[in-house]
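See structure below.
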Amino acid sequence: MTHDRTTALLNAALNAAERDWPVFPLRPGDKRPAGHPERNCPRMGRCTDGHRTPEQRATLDATSIRACWESAPYNVGVATGPAHLVVVDLDIPKDAADTAPAEWAGMADGLDVFAALCERAGERLPTETYTVRTRRGGQHLYFTAPAEKRLRGSAGRLGWKVDTRAWGGYVVAAGSAVGTGCWATLKMPTEAALKMPMSEDA
């Protein structure tokens with residue numbers, strides 16, 4: 001891992017924090033959180049009073065971020081709950097055998113399904129929100145979470161290849177990479193995140 005790459009990851013973490021999105025380190029070249037899982041928690045150090053999850057460890061403090069990311073080339077995780085975000089994760093099929101179920105016949109991927117969900121809800125597809133291309137070619141659409149409720153993430157509940165990340169979850173930030181695939185910003189609107197086009201119950 002080159003010095004330039006380490007610096008780029010540090011900048012990615014700082015850029016997210018400047019948007020008021022708390023960050024925590026992911027393993028270098030991986031999507032999984034750095035540090036120990038709860039089952040292996042030593043109950044020492046930062047976990048003296050109980051295991052601290054990545055969501056609890058996420059920070060906006062630039063000094064802490066610099067100390068962490070200057071020590072190793074960590075990928076960057078954004079704690080969506082503390083960031084007051086709901087991120088819609090639009091995935092693509094893994095292979096030729098990964099096809100849409102009957103309910104979503106004819107849909108190519110999560111973006112197609114999300115567009116159909118928006119149409120059903122009488123909303124337009126939100127094309128101007130902050131958007132990140134994932135390493136496999138999917139998309140993460142960032143939205144400000146509704147203030148009146150504390151949303152949890154979901155997996156496939158809204159539709160095929162459509163997941164959400166909110167409290168209890170995280171997303172990999174733009175600038176991170178696994179193998180030859182990277183997360184990259186596709187759209188950078190004036191407002192970093194926009195109102196959700198539909199409710200979580202849509």
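Scheme for the structure tokens: letters A, B, ... for chains in order shown; per-chain residue numbers from 1; ligand numbers from 1 in order shown.
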
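Within 8 Å of region 92-101 of chain A there are Ala105, Gly106, Met107, Ala108, Asp109, Gly110, Arg136, Gly137, Gly138, Trp160 and Lys161 of chain A, counting only C-alpha atoms and ignoring same-chain residues fewer than 4 positions away.
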
(request) List the neighbours of region 49-53 of chain A out to 10 Å using only C-alpha atoms; skip same-chain residues closer than 5 positions along the sequence, and give me the result as a ChimeraX atom specification. (result) /A:33,35-44,58,168

Output all heavy atoms of each residue in that selection to a file, as a JSON list (two decimals), in the first residue's frame.
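So selection20.json came out as:
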```
[["chain", "number", "residue", "atom", "x", "y", "z"],
["A", 33, "PRO", "N", -15.47, -4.21, 9.64],
["A", 33, "PRO", "CA", -14.90, -3.28, 10.61],
["A", 33, "PRO", "C", -13.57, -3.77, 11.17],
["A", 33, "PRO", "O", -13.37, -4.98, 11.38],
["A", 33, "PRO", "CB", -15.96, -3.21, 11.71],
["A", 33, "PRO", "CG", -17.25, -3.59, 11.02],
["A", 33, "PRO", "CD", -16.85, -4.62, 10.01],
["A", 35, "GLY", "N", -10.79, -4.08, 14.21],
["A", 35, "GLY", "CA", -11.00, -4.35, 15.63],
["A", 35, "GLY", "C", -11.66, -5.70, 15.87],
["A", 35, "GLY", "O", -11.94, -6.44, 14.94],
["A", 36, "HIS", "N", -11.94, -5.98, 17.12],
["A", 36, "HIS", "CA", -12.46, -7.29, 17.49],
["A", 36, "HIS", "C", -13.99, -7.31, 17.46],
["A", 36, "HIS", "O", -14.64, -6.31, 17.74],
["A", 36, "HIS", "CB", -11.98, -7.66, 18.91],
["A", 36, "HIS", "CG", -12.37, -6.67, 19.95],
["A", 36, "HIS", "ND1", -11.52, -5.67, 20.40],
["A", 36, "HIS", "CD2", -13.53, -6.50, 20.64],
["A", 36, "HIS", "CE1", -12.13, -4.94, 21.31],
["A", 36, "HIS", "NE2", -13.35, -5.42, 21.49],
["A", 37, "PRO", "N", -14.57, -8.47, 17.14],
["A", 37, "PRO", "CA", -16.03, -8.62, 17.24],
["A", 37, "PRO", "C", -16.44, -8.80, 18.69],
["A", 37, "PRO", "O", -15.61, -9.09, 19.56],
["A", 37, "PRO", "CB", -16.30, -9.89, 16.43],
["A", 37, "PRO", "CG", -15.05, -10.70, 16.57],
["A", 37, "PRO", "CD", -13.93, -9.69, 16.61],
["A", 38, "GLU", "N", -17.73, -8.65, 18.95],
["A", 38, "GLU", "CA", -18.22, -8.72, 20.33],
["A", 38, "GLU", "C", -17.90, -10.06, 20.98],
["A", 38, "GLU", "O", -17.57, -10.11, 22.17],
["A", 38, "GLU", "CB", -19.73, -8.47, 20.37],
["A", 38, "GLU", "CG", -20.29, -8.41, 21.78],
["A", 38, "GLU", "CD", -21.74, -7.97, 21.82],
["A", 38, "GLU", "OE1", -22.35, -7.85, 20.73],
["A", 38, "GLU", "OE2", -22.26, -7.76, 22.92],
["A", 39, "ARG", "N", -17.96, -11.14, 20.18],
["A", 39, "ARG", "CA", -17.73, -12.46, 20.77],
["A", 39, "ARG", "C", -16.29, -12.62, 21.29],
["A", 39, "ARG", "O", -16.02, -13.48, 22.14],
["A", 39, "ARG", "CB", -18.04, -13.56, 19.75],
["A", 39, "ARG", "CG", -17.13, -13.58, 18.54],
["A", 39, "ARG", "CD", -17.49, -14.69, 17.56],
["A", 39, "ARG", "NE", -16.65, -14.69, 16.38],
["A", 39, "ARG", "CZ", -16.84, -13.93, 15.32],
["A", 39, "ARG", "NH1", -17.87, -13.11, 15.28],
["A", 39, "ARG", "NH2", -16.02, -13.99, 14.29],
["A", 40, "ASN", "N", -15.37, -11.82, 20.78],
["A", 40, "ASN", "CA", -13.98, -11.89, 21.22],
["A", 40, "ASN", "C", -13.56, -10.68, 22.04],
["A", 40, "ASN", "O", -12.38, -10.42, 22.21],
["A", 40, "ASN", "CB", -13.05, -12.01, 20.00],
["A", 40, "ASN", "CG", -13.27, -13.29, 19.23],
["A", 40, "ASN", "OD1", -13.69, -14.30, 19.79],
["A", 40, "ASN", "ND2", -13.00, -13.27, 17.93],
["A", 41, "CYS", "N", -14.53, -9.94, 22.55],
["A", 41, "CYS", "CA", -14.22, -8.70, 23.25],
["A", 41, "CYS", "C", -13.46, -8.99, 24.55],
["A", 41, "CYS", "O", -13.91, -9.79, 25.38],
["A", 41, "CYS", "CB", -15.50, -7.93, 23.58],
["A", 41, "CYS", "SG", -15.18, -6.33, 24.36],
["A", 42, "PRO", "N", -12.31, -8.35, 24.76],
["A", 42, "PRO", "CA", -11.53, -8.59, 25.98],
["A", 42, "PRO", "C", -12.05, -7.84, 27.20],
["A", 42, "PRO", "O", -11.56, -8.04, 28.31],
["A", 42, "PRO", "CB", -10.13, -8.09, 25.60],
["A", 42, "PRO", "CG", -10.41, -6.98, 24.62],
["A", 42, "PRO", "CD", -11.61, -7.45, 23.83],
["A", 43, "ARG", "N", -13.04, -6.94, 26.98],
["A", 43, "ARG", "CA", -13.59, -6.11, 28.06],
["A", 43, "ARG", "C", -12.48, -5.31, 28.74],
["A", 43, "ARG", "O", -12.46, -5.14, 29.96],
["A", 43, "ARG", "CB", -14.34, -6.97, 29.09],
["A", 43, "ARG", "CG", -15.54, -7.73, 28.53],
["A", 43, "ARG", "CD", -16.60, -6.79, 27.99],
["A", 43, "ARG", "NE", -17.86, -7.45, 27.71],
["A", 43, "ARG", "CZ", -18.20, -8.00, 26.55],
["A", 43, "ARG", "NH1", -17.34, -7.98, 25.55],
["A", 43, "ARG", "NH2", -19.38, -8.55, 26.38],
["A", 44, "MET", "N", -11.57, -4.83, 27.92],
["A", 44, "MET", "CA", -10.46, -4.01, 28.40],
["A", 44, "MET", "C", -10.35, -2.78, 27.52],
["A", 44, "MET", "O", -10.98, -2.70, 26.46],
["A", 44, "MET", "CB", -9.15, -4.80, 28.36],
["A", 44, "MET", "CG", -9.11, -6.02, 29.27],
["A", 44, "MET", "SD", -7.66, -7.07, 28.95],
["A", 44, "MET", "CE", -6.34, -5.89, 29.22],
["A", 58, "ALA", "N", -17.64, 5.32, 16.09],
["A", 58, "ALA", "CA", -17.56, 6.27, 14.98],
["A", 58, "ALA", "C", -17.37, 7.69, 15.52],
["A", 58, "ALA", "O", -17.94, 8.06, 16.55],
["A", 58, "ALA", "CB", -18.81, 6.19, 14.13],
["A", 168, "GLY", "N", -27.83, 0.87, 13.24],
["A", 168, "GLY", "CA", -27.41, -0.52, 13.32],
["A", 168, "GLY", "C", -26.59, -0.97, 12.13],
["A", 168, "GLY", "O", -26.19, -2.13, 12.07]]
```

(message) Can you pull out every residue from region 7-79 of chain A that DSSP, working from the backbone, puts in helix (DSSP H, G or I), and format the result as JSON, numbers by chain?
(response) {"A": [7, 8, 9, 10, 11, 12, 13, 14, 15, 16, 17, 18, 38, 39, 40, 45, 46, 47, 54, 55, 56, 57, 62, 63, 64, 65, 66, 67, 68, 69]}

Serialized selection, C-alpha atoms, as a PDB file, in the first residue's frame:
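Output contents, as saved in result-v7.pdb:
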```
ATOM      1  CA  THR A   7      -3.221   9.658   2.357  1.00  0.00           C
ATOM      2  CA  ALA A   8      -6.229   9.232   0.052  1.00  0.00           C
ATOM      3  CA  LEU A   9      -7.997   7.068   2.639  1.00  0.00           C
ATOM      4  CA  LEU A  10      -7.255   9.597   5.383  1.00  0.00           C
ATOM      5  CA  ASN A  11      -8.715  12.335   3.193  1.00  0.00           C
ATOM      6  CA  ALA A  12     -11.788  10.184   2.498  1.00  0.00           C
ATOM      7  CA  ALA A  13     -12.366   9.800   6.247  1.00  0.00           C
ATOM      8  CA  LEU A  14     -11.875  13.519   6.867  1.00  0.00           C
ATOM      9  CA  ASN A  15     -14.174  14.451   3.981  1.00  0.00           C
ATOM     10  CA  ALA A  16     -16.960  12.277   5.374  1.00  0.00           C
ATOM     11  CA  ALA A  17     -16.503  13.741   8.858  1.00  0.00           C
ATOM     12  CA  GLU A  18     -16.684  17.264   7.432  1.00  0.00           C
ATOM     13  CA  GLU A  38     -18.224  -8.717  20.332  1.00  0.00           C
ATOM     14  CA  ARG A  39     -17.731 -12.465  20.771  1.00  0.00           C
ATOM     15  CA  ASN A  40     -13.976 -11.891  21.224  1.00  0.00           C
ATOM     16  CA  GLY A  45      -9.305  -0.627  27.128  1.00  0.00           C
ATOM     17  CA  ARG A  46     -12.104   1.098  25.222  1.00  0.00           C
ATOM     18  CA  CYS A  47     -14.396  -1.830  26.064  1.00  0.00           C
ATOM     19  CA  PRO A  54     -18.280   0.298  15.329  1.00  0.00           C
ATOM     20  CA  GLU A  55     -21.374   2.515  15.439  1.00  0.00           C
ATOM     21  CA  GLN A  56     -20.444   3.593  18.972  1.00  0.00           C
ATOM     22  CA  ARG A  57     -16.799   4.115  18.024  1.00  0.00           C
ATOM     23  CA  ALA A  62     -10.291  15.171  13.099  1.00  0.00           C
ATOM     24  CA  THR A  63      -7.453  14.509  15.552  1.00  0.00           C
ATOM     25  CA  SER A  64      -8.704  10.984  16.271  1.00  0.00           C
ATOM     26  CA  ILE A  65      -9.276  10.342  12.572  1.00  0.00           C
ATOM     27  CA  ARG A  66      -5.744  11.438  11.682  1.00  0.00           C
ATOM     28  CA  ALA A  67      -4.220   9.285  14.428  1.00  0.00           C
ATOM     29  CA  CYS A  68      -6.160   6.245  13.223  1.00  0.00           C
ATOM     30  CA  TRP A  69      -5.749   6.545   9.458  1.00  0.00           C
TER      31      TRP A  69
END
```

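Between CA of Val78 (chain A) and CA of Asp112 (chain A) the interatomic distance comes to 25.4 Å.
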
(message) Between CA of Arg5 (chain A) and CA of Val171 (chain A), what is the distance in Å, rounded to a tenth?
(response)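 The value is 19.8 Å.
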
(request) Using only C-alpha atoms, determine which residues lie at most 8 Å from His84 (chain A), disregarding the query and same-chain residues fewer than 2 positions distant; provide the list as a list in words. (result)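 Counting only C-alpha atoms, the residues come to Trp21, Thr80, Gly81, Pro82, Val86, Thr144, Ala145 and Ala166 of chain A.
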
(request) Could you check how far CA of Gly181 (chain A) sits from CA of Thr134 (chain A), in Å to one decimal? (result)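 These two atoms are separated by 7.9 Å.
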
(request) Excluding Trp183 (chain A) and residues on its chain fewer than 2 positions from it, collect all residues at most 6 Å away from it, counting only C-alpha atoms, and give them as an MDAnalysis selection string. (result) chainID A and resid 133:135 174:176

(request) Please provide as a ChimeraX atom specification all residues within 9 Å of Ala115 (chain A), with the sequence filter that same-chain residues fewer than 3 positions apart are discarded (counting only C-alpha atoms). (result) /A:110-112,118-120,124-126

(message) Ranking A:Thr48, A:Thr59, A:Thr6, A:Gln139 by minimum distance to Ala184 (chain A) and counting only C-alpha atoms, which one comes first?
(response)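 When distances to Ala184 (chain A) are compared using only C-alpha atoms, the smallest one comes from A:Gln139.
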
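Checking A:Ala147, A:Val132, A:Leu141, A:Leu158 one by one against Leu186 (chain A), counting only C-alpha atoms, you find the shortest gap at A:Val132.
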
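Within region 1-95 of chain A, residues classed as strand (DSSP E) by DSSP on backbone coordinates are A:Val23, A:Phe24, A:Pro25, A:Leu26, A:Asn75, A:Val76, A:Gly77, A:Val78, A:Ala79, A:Leu85, A:Val86, A:Val87, A:Val88, A:Asp89, A:Leu90.
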
Same residues, C-alpha atoms, output as a JSON list (two decimals), in the first residue's frame:
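Writing the result to again-v8.json gives the following:
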```json
[["chain", "number", "residue", "atom", "x", "y", "z"],
["A", 23, "VAL", "CA", -16.56, 7.39, 10.53],
["A", 24, "PHE", "CA", -14.76, 4.33, 11.83],
["A", 25, "PRO", "CA", -12.00, 2.17, 10.34],
["A", 26, "LEU", "CA", -12.63, -0.87, 8.18],
["A", 75, "ASN", "CA", -10.93, 1.64, 4.47],
["A", 76, "VAL", "CA", -13.61, 4.04, 5.69],
["A", 77, "GLY", "CA", -16.96, 3.12, 7.21],
["A", 78, "VAL", "CA", -19.76, 5.67, 7.67],
["A", 79, "ALA", "CA", -22.05, 4.96, 10.64],
["A", 85, "LEU", "CA", -28.66, 9.06, 7.10],
["A", 86, "VAL", "CA", -30.69, 6.45, 5.31],
["A", 87, "VAL", "CA", -28.64, 5.02, 2.47],
["A", 88, "VAL", "CA", -30.46, 3.06, -0.21],
["A", 89, "ASP", "CA", -28.17, 0.28, -1.45],
["A", 90, "LEU", "CA", -28.98, -0.66, -5.05]]
```

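Closest approach to Val178 (chain A) among A:Thr129, A:Asp4, A:Asp20, A:Arg32 is made by A:Arg32 (distances from only C-alpha atoms).
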
(request) Compare A:His3, A:Lys31, A:Lys149, A:Leu60 by their minimum atom-to-atom distance to Cys182 (chain A), counting only C-alpha atoms, and give me the closest one. (result) A:Lys31
